[in-house]
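Visitor: Next comes the structure file upload35.cif, holding mmCIF, C-alpha atoms.
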data_entry
#
loop_
_atom_site.label_atom_id
_atom_site.label_comp_id
_atom_site.auth_asym_id
_atom_site.auth_seq_id
_atom_site.Cartn_x
_atom_site.Cartn_y
_atom_site.Cartn_z
CA MET T 1 -39.86 13.34 -46.10
CA ASN T 2 -38.23 16.60 -47.26
CA VAL T 3 -34.87 16.81 -49.00
CA PHE T 4 -32.97 17.65 -45.80
CA ASN T 5 -34.42 14.69 -43.93
CA GLN T 6 -33.67 12.41 -46.89
CA LYS T 7 -30.03 13.49 -46.84
CA MET T 8 -29.75 13.00 -43.08
CA PHE T 9 -31.36 9.56 -43.33
CA LEU T 10 -29.00 8.50 -46.13
CA LEU T 11 -26.02 9.84 -44.19
CA ASP T 12 -27.07 7.84 -41.13
CA VAL T 13 -27.55 4.67 -43.21
CA ASN T 14 -24.16 5.16 -44.85
CA SER T 15 -22.30 5.62 -41.57
CA LYS T 16 -23.95 2.67 -39.83
CA LEU T 17 -23.45 0.40 -42.83
CA ALA T 18 -19.80 1.48 -43.16
CA VAL T 19 -19.16 0.73 -39.48
CA LEU T 20 -20.81 -2.67 -39.88
CA ILE T 21 -18.77 -3.52 -43.00
CA PHE T 22 -15.56 -2.38 -41.30
CA HIS T 23 -16.00 -4.66 -38.30
CA LEU T 24 -17.43 -7.58 -40.28
CA SER T 25 -14.26 -7.47 -42.39
CA ILE T 26 -11.83 -7.37 -39.49
CA PHE T 27 -13.58 -10.15 -37.56
CA SER T 28 -14.77 -12.17 -40.57
CA ALA T 29 -12.94 -15.29 -39.33
CA PHE T 30 -15.31 -15.39 -36.35
CA LEU T 31 -18.21 -15.52 -38.82
CA GLY T 32 -16.43 -17.98 -41.09
CA SER T 33 -17.01 -15.86 -44.20
CA SER T 34 -16.33 -12.45 -45.73
CA ILE T 35 -19.45 -12.62 -47.91
CA PRO T 36 -21.61 -10.48 -45.55
CA ALA T 37 -19.02 -7.68 -45.72
CA ILE T 38 -18.84 -7.86 -49.52
CA ILE T 39 -22.64 -7.78 -49.83
CA GLY T 40 -22.63 -4.73 -47.58
CA ILE T 41 -19.98 -3.03 -49.75
CA ILE T 42 -22.00 -3.66 -52.91
CA PHE T 43 -25.17 -2.27 -51.31
CA LEU T 44 -23.34 0.79 -49.95
CA PHE T 45 -21.85 1.47 -53.37
CA LEU T 46 -25.21 1.12 -55.15
CA ILE T 47 -27.01 3.62 -52.90
CA ASN T 48 -24.15 6.09 -53.38
CA ILE T 49 -23.29 5.30 -56.99
CA GLN T 50 -23.98 8.83 -58.23
CA LYS T 51 -21.56 10.33 -55.70
CA VAL T 52 -18.62 7.98 -56.18
CA LYS T 53 -15.99 9.29 -58.58
CA PHE T 54 -13.31 7.15 -60.23
CA ASN T 55 -10.41 8.50 -62.28
CA ASN T 56 -9.52 7.10 -65.70
CA ALA T 57 -6.81 4.77 -64.40
CA GLU T 58 -9.18 3.27 -61.81
CA VAL T 59 -11.92 2.73 -64.41
CA ILE T 60 -9.48 1.04 -66.79
CA ALA T 61 -8.17 -1.21 -64.02
CA MET T 62 -11.68 -2.27 -63.02
CA LEU T 63 -12.65 -2.95 -66.64
CA MET T 64 -9.53 -5.09 -67.06
CA LEU T 65 -10.43 -7.07 -63.93
CA VAL T 66 -14.00 -7.59 -65.12
CA THR T 67 -12.71 -8.74 -68.53
CA TYR T 68 -10.25 -11.11 -66.85
CA LEU T 69 -13.06 -12.53 -64.70
CA ALA T 70 -15.37 -12.94 -67.70
CA PHE T 71 -12.78 -14.87 -69.74
CA ALA T 72 -11.89 -17.04 -66.73
CA LEU T 73 -15.57 -17.89 -66.24
CA ILE T 74 -15.97 -18.79 -69.92
CA LEU T 75 -12.90 -21.04 -69.86
CA SER T 76 -13.58 -22.66 -66.50
CA GLN T 77 -14.83 -26.16 -65.76
CA ASP T 78 -16.69 -24.85 -62.70
CA TYR T 79 -17.66 -21.18 -62.45
CA THR T 80 -17.96 -21.35 -58.63
CA VAL T 81 -14.21 -22.07 -58.45
CA ILE T 82 -13.46 -18.90 -60.41
CA LEU T 83 -15.79 -16.77 -58.30
CA LYS T 84 -14.37 -18.07 -55.01
CA ASN T 85 -10.81 -17.58 -56.23
CA PHE T 86 -11.64 -14.06 -57.42
CA ARG T 87 -13.22 -13.13 -54.08
CA PHE T 88 -10.14 -14.33 -52.20
CA TRP T 89 -7.25 -13.29 -54.45
CA MET T 90 -8.75 -10.20 -56.10
CA GLY T 91 -11.19 -9.25 -53.35
CA VAL T 92 -9.20 -6.12 -52.52
CA ILE T 93 -11.07 -4.42 -55.39
CA PHE T 94 -14.25 -4.51 -53.28
CA TYR T 95 -12.45 -2.74 -50.44
CA LEU T 96 -10.91 -0.18 -52.78
CA ILE T 97 -14.44 0.63 -53.96
CA PHE T 98 -15.55 0.70 -50.31
CA LEU T 99 -12.84 3.25 -49.46
CA LYS T 100 -13.82 5.33 -52.52
CA THR T 101 -17.45 5.27 -51.38
CA TYR T 102 -17.00 6.13 -47.71
CA ASN T 103 -14.21 7.65 -45.63
CA ILE T 104 -13.52 5.17 -42.82
CA LYS T 105 -10.43 6.95 -41.55
CA TYR T 106 -12.06 7.82 -38.21
CA LEU T 107 -12.77 4.12 -37.52
CA TYR T 108 -9.06 3.41 -37.08
CA SER T 109 -8.93 4.29 -33.41
CA ARG T 110 -6.64 3.27 -30.59
CA ASN T 111 -9.66 1.71 -28.87
CA LEU T 112 -10.03 -0.62 -31.85
CA LEU T 113 -6.43 -1.75 -31.37
CA LYS T 114 -7.07 -2.40 -27.68
CA ILE T 115 -10.18 -4.47 -28.47
CA VAL T 116 -8.36 -6.56 -31.08
CA CYS T 117 -5.41 -7.17 -28.75
CA LEU T 118 -7.73 -8.11 -25.89
CA THR T 119 -9.52 -10.69 -28.07
CA ILE T 120 -6.13 -12.31 -28.74
CA ILE T 121 -5.10 -12.25 -25.08
CA ILE T 122 -8.47 -13.62 -23.92
CA GLU T 123 -8.35 -16.36 -26.58
CA THR T 124 -4.85 -17.31 -25.43
CA ILE T 125 -5.94 -17.57 -21.80
CA ALA T 126 -9.05 -19.57 -22.70
CA ILE T 127 -7.41 -22.20 -24.93
CA ASN T 128 -4.55 -22.75 -22.47
CA LEU T 129 -6.52 -22.84 -19.21
CA ILE T 130 -9.89 -24.31 -20.21
CA ASP T 131 -10.38 -27.88 -21.37
CA GLN T 132 -9.93 -27.77 -25.14
CA ASN T 133 -12.37 -30.66 -25.59
CA ILE T 134 -15.06 -28.24 -24.49
CA LEU T 135 -13.83 -25.22 -26.47
CA ILE T 136 -13.36 -27.15 -29.72
CA ASN T 137 -17.14 -27.16 -30.16
CA TYR T 138 -17.17 -23.35 -30.27
CA ILE T 139 -13.85 -22.13 -31.68
CA ASP T 140 -11.03 -23.37 -33.91
CA ILE T 141 -7.91 -24.42 -32.03
CA GLU T 142 -4.49 -25.32 -33.41
CA GLN T 143 -3.42 -28.86 -32.59
CA THR T 144 0.29 -28.00 -32.36
CA LYS T 145 1.63 -27.45 -28.85
CA PHE T 146 4.83 -25.44 -28.41
CA PHE T 147 7.16 -26.42 -25.58
CA ASN T 148 4.75 -29.36 -25.11
CA PHE T 149 2.26 -27.17 -23.25
CA TYR T 150 1.50 -23.90 -25.09
CA THR T 151 -1.25 -23.52 -27.71
CA ARG T 152 -1.08 -20.28 -29.65
CA PRO T 153 -4.22 -18.32 -30.62
CA ILE T 154 -5.31 -18.17 -34.25
CA GLY T 155 -6.83 -14.72 -33.76
CA PHE T 156 -9.19 -12.64 -35.86
CA THR T 157 -8.04 -13.91 -39.28
CA GLY T 158 -8.36 -17.61 -38.47
CA SER T 159 -4.59 -18.19 -38.83
CA ALA T 160 -1.91 -17.36 -36.26
CA THR T 161 0.60 -16.25 -38.89
CA MET T 162 -1.90 -14.08 -40.78
CA THR T 163 -3.22 -12.62 -37.52
CA SER T 164 0.27 -11.56 -36.43
CA THR T 165 0.93 -9.78 -39.73
CA ALA T 166 -2.55 -8.24 -39.85
CA LEU T 167 -2.23 -6.99 -36.26
CA ILE T 168 1.10 -5.33 -37.05
CA ILE T 169 -0.46 -3.64 -40.10
CA LEU T 170 -3.45 -2.50 -38.02
CA PHE T 171 -1.06 -0.98 -35.47
CA TYR T 172 0.90 0.66 -38.30
CA ILE T 173 -2.24 2.25 -39.81
CA ILE T 174 -3.58 3.50 -36.48
CA GLU T 175 -0.18 4.93 -35.50
CA LYS T 176 0.03 6.73 -38.84
CA ILE T 177 -3.49 8.18 -38.58
CA GLN T 178 -3.47 9.00 -34.85
CA ASN T 179 0.20 10.06 -34.91
CA LYS T 180 0.62 8.87 -31.34
CA MET T 181 0.41 5.64 -29.38
CA SER T 182 0.33 5.32 -25.60
CA LEU T 183 2.49 3.01 -23.51
CA LEU T 184 -0.60 0.86 -22.95
CA ASP T 185 -1.11 0.57 -26.72
CA TRP T 186 2.48 -0.55 -27.23
CA THR T 187 2.27 -2.97 -24.29
CA LEU T 188 -0.95 -4.70 -25.43
CA PHE T 189 0.34 -4.82 -28.99
CA SER T 190 3.71 -6.32 -28.02
CA ILE T 191 2.16 -8.89 -25.68
CA SER T 192 -0.27 -9.96 -28.42
CA ILE T 193 2.55 -10.44 -30.94
CA LEU T 194 4.49 -12.50 -28.40
CA LEU T 195 1.48 -14.69 -27.60
CA ILE T 196 0.68 -15.42 -31.27
CA PHE T 197 4.14 -16.99 -31.50
CA SER T 198 4.62 -16.66 -35.24
CA THR T 199 8.12 -16.46 -36.72
CA THR T 200 6.73 -14.43 -39.63
CA GLY T 201 5.09 -12.10 -37.14
CA TYR T 202 8.34 -11.66 -35.25
CA VAL T 203 10.19 -10.79 -38.46
CA ILE T 204 7.56 -8.22 -39.51
CA PHE T 205 7.52 -6.87 -35.94
CA PHE T 206 11.31 -6.44 -36.05
CA ILE T 207 11.08 -4.60 -39.39
CA LEU T 208 8.35 -2.34 -37.95
CA ILE T 209 10.58 -1.46 -35.00
CA LEU T 210 13.45 -0.65 -37.36
CA LEU T 211 11.19 1.61 -39.43
CA LYS T 212 9.80 3.30 -36.33
CA PHE T 213 13.16 3.96 -34.72
CA THR T 214 15.25 4.65 -37.83
CA PRO T 215 15.81 8.34 -36.86
CA ILE T 216 17.04 7.28 -33.41
CA ILE T 217 19.26 4.57 -34.86
CA LYS T 218 20.86 7.10 -37.24
CA LYS T 219 21.59 9.47 -34.36
CA ILE T 220 23.11 6.67 -32.29
CA ILE T 221 25.30 5.53 -35.20
CA PHE T 222 26.62 9.08 -35.64
CA TYR T 223 27.11 9.57 -31.88
CA GLN T 224 24.43 12.24 -31.63
CA TYR T 225 23.12 10.97 -28.30
CA ARG T 226 22.10 14.38 -27.01
CA LEU T 227 19.61 14.76 -29.87
CA VAL T 228 17.73 11.60 -28.83
CA PRO T 229 14.84 12.15 -26.37
CA VAL T 230 15.32 10.13 -23.19
CA LYS T 231 11.85 8.53 -23.45
CA SER T 232 12.35 7.47 -27.07
CA PHE T 233 15.80 6.08 -26.31
CA ALA T 234 14.42 4.10 -23.35
CA ILE T 235 11.61 2.63 -25.45
CA PHE T 236 14.09 1.74 -28.17
CA LEU T 237 16.31 -0.11 -25.69
CA ILE T 238 13.29 -1.98 -24.30
CA PHE T 239 12.36 -3.23 -27.76
CA ILE T 240 15.94 -4.24 -28.53
CA LEU T 241 15.92 -6.24 -25.28
CA LEU T 242 12.52 -7.70 -26.16
CA ILE T 243 13.71 -8.84 -29.60
CA TYR T 244 16.85 -10.33 -28.06
CA LEU T 245 14.78 -12.28 -25.53
CA ILE T 246 12.48 -13.55 -28.28
CA ILE T 247 15.45 -14.90 -30.20
CA GLN T 248 17.15 -16.45 -27.16
CA TYR T 249 13.95 -17.91 -25.72
CA ASN T 250 12.97 -19.50 -29.02
CA TYR T 251 16.50 -20.77 -29.64
CA LEU T 252 16.74 -22.47 -26.27
CA LEU T 253 13.24 -23.93 -26.08
CA ASN T 254 11.88 -24.29 -29.58
CA ARG T 255 14.67 -23.42 -32.03
CA ARG T 256 12.39 -21.65 -34.52
CA VAL T 257 14.10 -18.28 -34.49
CA ASN T 258 17.75 -18.86 -35.35
CA ILE T 259 20.02 -18.61 -38.37
CA GLU T 260 19.77 -22.33 -39.19
CA TYR T 261 15.99 -22.17 -39.23
CA PHE T 262 15.91 -19.05 -41.40
CA THR T 263 18.47 -20.55 -43.80
CA HIS T 264 16.41 -23.72 -44.11
CA ILE T 265 13.19 -21.78 -44.70
CA PHE T 266 14.90 -19.43 -47.19
CA TYR T 267 16.16 -22.23 -49.43
CA LEU T 268 12.88 -24.11 -49.05
CA LYS T 269 10.94 -21.04 -50.25
CA ILE T 270 13.32 -20.54 -53.17
CA THR T 271 12.73 -24.13 -54.26
CA GLU T 272 8.98 -23.83 -53.89
CA TYR T 273 8.87 -20.59 -55.90
CA LYS T 274 10.97 -22.17 -58.65
CA ASP T 275 8.59 -25.14 -58.76
CA ALA T 276 5.55 -22.86 -58.95
CA PHE T 277 7.10 -20.83 -61.75
CA ASN T 278 7.92 -24.02 -63.67
CA TYR T 279 4.38 -25.33 -63.19
CA LEU T 280 3.06 -22.15 -64.76
CA ILE T 281 5.57 -21.56 -67.57
CA ASN T 282 5.68 -25.14 -68.82
CA PRO T 283 2.60 -26.94 -67.45
CA SER T 284 2.65 -29.79 -69.99
CA PHE T 285 6.13 -30.82 -68.76
CA TYR T 286 6.00 -30.11 -65.02
CA CYS T 287 2.35 -30.85 -64.15
CA LYS T 288 2.62 -34.56 -63.32
CA THR T 289 0.30 -36.95 -61.53
CA ASP T 290 0.16 -35.09 -58.19
CA CYS T 291 -0.62 -31.83 -59.97
CA MET T 292 -3.34 -33.39 -62.14
CA ASN T 293 -4.88 -35.20 -59.16
CA PHE T 294 -5.15 -31.86 -57.39
CA LEU T 295 -7.07 -30.40 -60.33
CA GLY T 296 -9.61 -33.19 -60.75
CA ASN T 297 -10.31 -36.73 -61.90
CA ASP T 298 -10.91 -35.81 -65.54
CA ILE T 299 -7.61 -33.97 -66.00
CA ASN T 300 -4.88 -35.75 -67.92
CA HIS T 301 -1.65 -34.85 -69.71
CA ASN T 302 -3.41 -34.15 -73.02
CA VAL T 303 -5.81 -31.70 -71.37
CA ILE T 304 -2.91 -29.88 -69.68
CA ALA T 305 -0.99 -29.69 -72.97
CA SER T 306 -3.96 -28.31 -74.92
CA PHE T 307 -4.62 -25.63 -72.27
CA ARG T 308 -0.98 -24.74 -71.56
CA TYR T 309 -1.10 -21.17 -72.94
CA LEU T 310 -4.38 -20.41 -71.20
CA ILE T 311 -2.98 -21.82 -67.97
CA GLN T 312 -0.05 -19.42 -68.23
CA LEU T 313 -2.47 -16.48 -68.49
CA PHE T 314 -5.33 -17.52 -66.21
CA GLY T 315 -3.76 -20.15 -63.98
CA TYR T 316 -4.87 -23.68 -63.16
CA GLN T 317 -8.20 -22.40 -61.80
CA ILE T 318 -9.75 -22.84 -65.26
CA LEU T 319 -9.28 -26.63 -64.91
CA SER T 320 -9.63 -27.05 -61.17
CA GLU T 321 -12.64 -28.62 -59.48
CA SER T 322 -12.05 -26.75 -56.23
CA PRO T 323 -10.84 -23.25 -55.28
CA ASN T 324 -7.25 -22.80 -54.14
CA THR T 325 -7.48 -20.28 -51.32
CA SER T 326 -5.36 -21.71 -48.52
CA GLY T 327 -1.83 -22.82 -47.71
CA HIS T 328 1.55 -21.18 -47.31
CA ASN T 329 3.63 -19.40 -49.96
CA GLY T 330 0.97 -16.88 -50.90
CA LEU T 331 2.65 -15.74 -54.12
CA THR T 332 3.10 -19.28 -55.45
CA ILE T 333 -0.55 -20.11 -54.80
CA PHE T 334 -1.53 -16.82 -56.46
CA LEU T 335 0.50 -17.66 -59.58
CA PHE T 336 -0.69 -21.27 -59.65
CA SER T 337 -4.35 -20.24 -59.34
CA ASN T 338 -4.57 -16.99 -61.31
CA GLY T 339 -1.72 -17.07 -63.82
CA ILE T 340 0.66 -14.34 -64.90
CA LEU T 341 -2.18 -12.15 -66.18
CA GLY T 342 -3.97 -12.34 -62.84
CA LEU T 343 -0.86 -11.39 -60.87
CA CYS T 344 -0.14 -8.43 -63.19
CA LEU T 345 -3.72 -7.17 -62.99
CA TYR T 346 -3.61 -7.38 -59.20
CA PHE T 347 -0.66 -5.01 -58.92
CA ILE T 348 -1.95 -2.79 -61.75
CA THR T 349 -5.19 -2.37 -59.78
CA LEU T 350 -3.35 -1.46 -56.58
CA TYR T 351 -1.19 1.05 -58.43
CA SER T 352 -4.21 2.59 -60.21
CA PHE T 353 -5.91 3.38 -56.89
CA LEU T 354 -2.73 4.54 -55.15
CA ARG T 355 -2.95 8.11 -53.86
CA LYS T 356 -0.26 10.64 -54.71
CA ASN T 357 2.14 11.43 -51.88
CA ASN T 358 1.07 8.25 -50.12
CA PHE T 359 2.57 8.01 -46.64
CA MET T 360 1.78 4.35 -45.92
CA LEU T 361 3.78 2.55 -48.62
CA SER T 362 6.01 1.00 -45.95
CA GLY T 363 2.92 -0.72 -44.57
CA VAL T 364 2.00 -1.97 -48.04
CA LEU T 365 5.49 -3.46 -48.31
CA LEU T 366 5.17 -5.08 -44.87
CA ILE T 367 1.89 -6.82 -45.65
CA MET T 368 3.28 -8.04 -48.98
CA ILE T 369 6.35 -9.47 -47.23
CA GLY T 370 4.10 -11.21 -44.72
CA SER T 371 1.95 -12.58 -47.56
CA LEU T 372 4.94 -14.35 -49.10
CA HIS T 373 4.32 -16.95 -46.39
CA TYR T 374 0.59 -17.07 -45.68
CA PRO T 375 -1.55 -14.71 -47.85
CA THR T 376 -2.48 -12.16 -45.19
CA ALA T 377 -3.21 -9.50 -47.83
CA MET T 378 -5.98 -11.73 -49.22
CA SER T 379 -7.86 -12.26 -45.94
CA ALA T 380 -10.84 -9.95 -45.43
CA ALA T 381 -8.98 -7.96 -42.76
CA GLY T 382 -5.86 -7.86 -44.92
CA GLN T 383 -7.80 -6.62 -47.94
CA LEU T 384 -9.40 -3.89 -45.84
CA PHE T 385 -6.04 -2.81 -44.38
CA LEU T 386 -4.29 -2.91 -47.78
CA ALA T 387 -7.01 -0.81 -49.43
CA SER T 388 -6.85 1.64 -46.51
CA MET T 389 -3.09 2.10 -46.84
CA ILE T 390 -3.48 2.77 -50.56
CA ILE T 391 -6.39 5.21 -50.43
CA ILE T 392 -6.46 6.97 -47.03
CA ASN T 393 -4.64 10.31 -46.96
CA ILE T 394 -3.25 10.59 -43.44
CA LYS T 395 -2.46 14.29 -43.93
CA LYS T 396 -6.00 15.24 -44.89
CA GLN T 397 -8.73 15.48 -42.27
#
What is this structure when it is put down as structure tokens?

Guide:
Amino acid sequence: MNVFNQKMFLLDVNSKLAVLIFHLSIFSAFLGSSIPAIIGIIFLFLINIQKVKFNNAEVIAMLMLVTYLAFALILSQDYTVILKNFRFWMGVIFYLIFLKTYNIKYLYSRNLLKIVCLTIIIETIAINLIDQNILINYIDIEQTKFFNFYTRPIGFTGSATMTSTALIILFYIIEKIQNKMSLLDWTLFSISILLIFSTTGYVIFFILILLKFTPIIKKIIFYQYRLVPVKSFAIFLIFILLIYLIIQYNYLLNRRVNIEYFTHIFYLKITEYKDAFNYLINPSFYCKTDCMNFLGNDINHNVIASFRYLIQLFGYQILSESPNTSGHNGLTIFLFSNGILGLCLYFITLYSFLRKNNFMLSGVLLIMIGSLHYPTAMSAAGQLFLASMIIINIKKQ
């Protein structure tokens, strides 16, 4: 095989492997694991290792992460807990390396959005029209029924709340890259968000609409109606009506989207974040029986007290017998599991890989807001989308 053929073969392998990794990551919940995607990323990086270039900040960030992982492994009671936690909470580093290895910008197509939305719509129809006793053998189904008859889809992340946030971020990325979305795209997207029936998703959706129509809103506020295109103004009014109907419909039938509900959730989250911070800052005082039972049978007050400073840095994962990669309040679980050092290194890593003149920081903020509830940014799809918003230059072809 001559040099030219070798290059063409490697290029073909790279592109096919990148496409496979991309879709394995987005639909990892259907497989039940993100491990195949991570293995693919490692292999892709190794066969292209001579071509991949990292700047000094990126190298330092990766070395700090490796050092953090090494110390956590040394201190841990069970190294598998550390590795599973690292894959979930810090797994974005694999996708940042993936984006540095191969340009996947062209994979963010409007057809991808249509396919993802259709999977959600089809899942919704199936779980609400077909006997769930039959489907439960093949797919995961939420047990909660809204309005006493409606079962919402969990979607491509395995969680309804995370799917709603991830779908909004996917739409955001595609709209930024393609710079246009058809009426069909908006319709499928909006229907999917409605069907997922997540309060968090509705809030992120509302913020997205505000960001999208900010120029129009400004013109309306300053009575510059003639400067607003008729089509844009009509679409804006439709979404205002849609948001109003969401609020009214939920208030009348389910009472999840109203000021009382948001007030309750707000104060509940504040309390939970305070508790998590206390658990981390002063573990020997706040980590009582329920906390120690969560960690393992051999954990007692004396063990917690002797490890208190290490817990502050590396989190309770160094004492835990099982990984902590699920539940709501993503930031509190992150702090509880990985410690202050882990949280700082996470954001240092993201900042180190951030491209200059980045045009998708609003999307980064949206996924972080969504992850304050369920950790969408730590799902395989969320990690892929987050890395994409940090690295992809939407102005460069």

Visitor: Calculate how many Å separate CA of Ser192 in chain T from CA of Phe171 in chain T, rounding to one decimal.

Guide: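 CA of Phe171 in chain T lies 11.4 Å from CA of Ser192 in chain T.
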
Visitor: Could you tell me how far CA of Tyr68 in chain T sits from CA of Ser352 in chain T, in Å to one decimal place?

Guide: 16.4 Å

Visitor: When the PyMOL selection byres ((chain T and resi 71-81) around 8) is applied to the structure above, which residues does it catch, written out as a PDB file with C-alpha atoms, in the coordinates of the input?

Guide:
ATOM      1  CA  THR T  67     -12.710  -8.740 -68.530  1.00  0.00           C
ATOM      2  CA  TYR T  68     -10.250 -11.110 -66.850  1.00  0.00           C
ATOM      3  CA  LEU T  69     -13.060 -12.530 -64.700  1.00  0.00           C
ATOM      4  CA  ALA T  70     -15.370 -12.940 -67.700  1.00  0.00           C
ATOM      5  CA  ILE T  82     -13.460 -18.900 -60.410  1.00  0.00           C
ATOM      6  CA  LEU T  83     -15.790 -16.770 -58.300  1.00  0.00           C
ATOM      7  CA  LYS T  84     -14.370 -18.070 -55.010  1.00  0.00           C
ATOM      8  CA  ASN T  85     -10.810 -17.580 -56.230  1.00  0.00           C
ATOM      9  CA  PHE T 314      -5.330 -17.520 -66.210  1.00  0.00           C
ATOM     10  CA  GLN T 317      -8.200 -22.400 -61.800  1.00  0.00           C
ATOM     11  CA  ILE T 318      -9.750 -22.840 -65.260  1.00  0.00           C
ATOM     12  CA  LEU T 319      -9.280 -26.630 -64.910  1.00  0.00           C
ATOM     13  CA  SER T 320      -9.630 -27.050 -61.170  1.00  0.00           C
ATOM     14  CA  GLU T 321     -12.640 -28.620 -59.480  1.00  0.00           C
ATOM     15  CA  SER T 322     -12.050 -26.750 -56.230  1.00  0.00           C
ATOM     16  CA  PRO T 323     -10.840 -23.250 -55.280  1.00  0.00           C
TER      17      PRO T 323
END

Visitor: Once the PyMOL selection byres ((chain T and resi 44-50) around 12) has been applied to the shown file, what residues remain in the selection, as a PyMOL selection string?

Guide: chain T and resi 7+10-21+37-43+51-54+94-102

Visitor: Just give me the gap between CA of Leu350 in chain T and CA of Arg110 in chain T in Å, one decimal is fine.

Guide: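 Between CA of Leu350 in chain T and CA of Arg110 in chain T the gap works out to 26.6 Å.
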
Visitor: Using all atoms listed in the file, which of the listed residues (T:Tyr172, T:Tyr374, T:Tyr150, T:Phe156) sits closest to Asp185 in chain T?

Guide: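 With all atoms listed in the file as the atom set, the closest residue is T:Tyr172.
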
Visitor: What does the PyMOL selection byres ((chain T and resi 153) around 6) select in this file, as an mmCIF file with C-alpha atoms, in the coordinates of the input?

Guide:
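So result11.cif came out as:
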data_model
loop_
_atom_site.group_PDB
_atom_site.id
_atom_site.type_symbol
_atom_site.label_atom_id
_atom_site.label_comp_id
_atom_site.auth_asym_id
_atom_site.auth_seq_id
_atom_site.Cartn_x
_atom_site.Cartn_y
_atom_site.Cartn_z
ATOM 1 C CA THR T 124 -4.850 -17.310 -25.430
ATOM 2 C CA ARG T 152 -1.080 -20.280 -29.650
ATOM 3 C CA ILE T 154 -5.310 -18.170 -34.250
ATOM 4 C CA GLY T 155 -6.830 -14.720 -33.760
ATOM 5 C CA ILE T 196 0.680 -15.420 -31.270
#

Visitor: Ranking T:Ile125, T:Leu331, T:Leu211, T:Met64 by minimum distance to Pro375 in chain T and counting only C-alpha atoms, which one comes first?

Guide: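 Nearest to Pro375 in chain T: T:Leu331.
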
Visitor: Of the candidates T:Ile207, T:Met90, T:Ala377, T:Leu354, which shows the shortest atom-to-atom distance to Met162 in chain T, using only C-alpha atoms?

Guide: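 Ranked by minimum distance to Met162 in chain T, first place goes to T:Ala377.
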
Visitor: Is it possible to get the residues within 12 Å of (0.4, -9.6, -59.3) (coordinates as in the file, counting only C-alpha atoms) written as a list in words?

Guide: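 These residues have at least one counted atom within 12 Å: Trp89, Met90, Leu313, Phe314, Gly330, Leu331, Thr332, Ile333, Phe334, Leu335, Phe336, Ser337, Asn338, Gly339, Ile340, Leu341, Gly342, Leu343, Cys344, Leu345, Tyr346, Phe347, Ile348, Thr349, Leu350, Tyr351 and Met368 of chain T.
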
Visitor: Can you pull out every residue within 12 Å of Ser190 in chain T, counting only C-alpha atoms, but drop anything in the same chain fewer than 5 positions away, and send it as a ChimeraX atom specification?

Guide: /T:113-114,117-118,120-121,164,167-168,171,183-185,195-197,201-202,205-206,208-209,238-239,242-243,246

Visitor: Can I get the selected residues back with C-alpha atoms, as a PDB file, in the coordinates of the input?

Guide:
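Wrote it out as out28.pdb, contents follow:
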ATOM      1  CA  LEU T 113      -6.430  -1.750 -31.370  1.00  0.00           C
ATOM      2  CA  LYS T 114      -7.070  -2.400 -27.680  1.00  0.00           C
ATOM      3  CA  CYS T 117      -5.410  -7.170 -28.750  1.00  0.00           C
ATOM      4  CA  LEU T 118      -7.730  -8.110 -25.890  1.00  0.00           C
ATOM      5  CA  ILE T 120      -6.130 -12.310 -28.740  1.00  0.00           C
ATOM      6  CA  ILE T 121      -5.100 -12.250 -25.080  1.00  0.00           C
ATOM      7  CA  SER T 164       0.270 -11.560 -36.430  1.00  0.00           C
ATOM      8  CA  LEU T 167      -2.230  -6.990 -36.260  1.00  0.00           C
ATOM      9  CA  ILE T 168       1.100  -5.330 -37.050  1.00  0.00           C
ATOM     10  CA  PHE T 171      -1.060  -0.980 -35.470  1.00  0.00           C
ATOM     11  CA  LEU T 183       2.490   3.010 -23.510  1.00  0.00           C
ATOM     12  CA  LEU T 184      -0.600   0.860 -22.950  1.00  0.00           C
ATOM     13  CA  ASP T 185      -1.110   0.570 -26.720  1.00  0.00           C
ATOM     14  CA  LEU T 195       1.480 -14.690 -27.600  1.00  0.00           C
ATOM     15  CA  ILE T 196       0.680 -15.420 -31.270  1.00  0.00           C
ATOM     16  CA  PHE T 197       4.140 -16.990 -31.500  1.00  0.00           C
ATOM     17  CA  GLY T 201       5.090 -12.100 -37.140  1.00  0.00           C
ATOM     18  CA  TYR T 202       8.340 -11.660 -35.250  1.00  0.00           C
ATOM     19  CA  PHE T 205       7.520  -6.870 -35.940  1.00  0.00           C
ATOM     20  CA  PHE T 206      11.310  -6.440 -36.050  1.00  0.00           C
ATOM     21  CA  LEU T 208       8.350  -2.340 -37.950  1.00  0.00           C
ATOM     22  CA  ILE T 209      10.580  -1.460 -35.000  1.00  0.00           C
ATOM     23  CA  ILE T 238      13.290  -1.980 -24.300  1.00  0.00           C
ATOM     24  CA  PHE T 239      12.360  -3.230 -27.760  1.00  0.00           C
ATOM     25  CA  LEU T 242      12.520  -7.700 -26.160  1.00  0.00           C
ATOM     26  CA  ILE T 243      13.710  -8.840 -29.600  1.00  0.00           C
ATOM     27  CA  ILE T 246      12.480 -13.550 -28.280  1.00  0.00           C
TER      28      ILE T 246
END

Visitor: Return the single residue from T:Ser371, T:Asn358, T:Thr151, T:Gln178 that is closest to Ile391 in chain T, with distances computed using all atoms listed in the file.

Guide: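 Under the stated criterion, the closest residue is T:Asn358.
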
Visitor: Residues within 9 Å of Asp140 in chain T, please, as a count of residues only. Count all atoms listed in the file; anything in the same chain fewer than 3 positions from it doesn't count.

Guide: 5

Visitor: Please determine an axis-aligned box that encloses all atoms of range 56-60 of chain T listed in the file, with 3 Å added on each side, and express its centre and edge lengths in Å to one decimal as lines of an AutoDock Vina configuration file.

Guide:
center_x = -9.4
center_y = 4.1
center_z = -64.3
size_x = 11.1
size_y = 12.1
size_z = 11.0
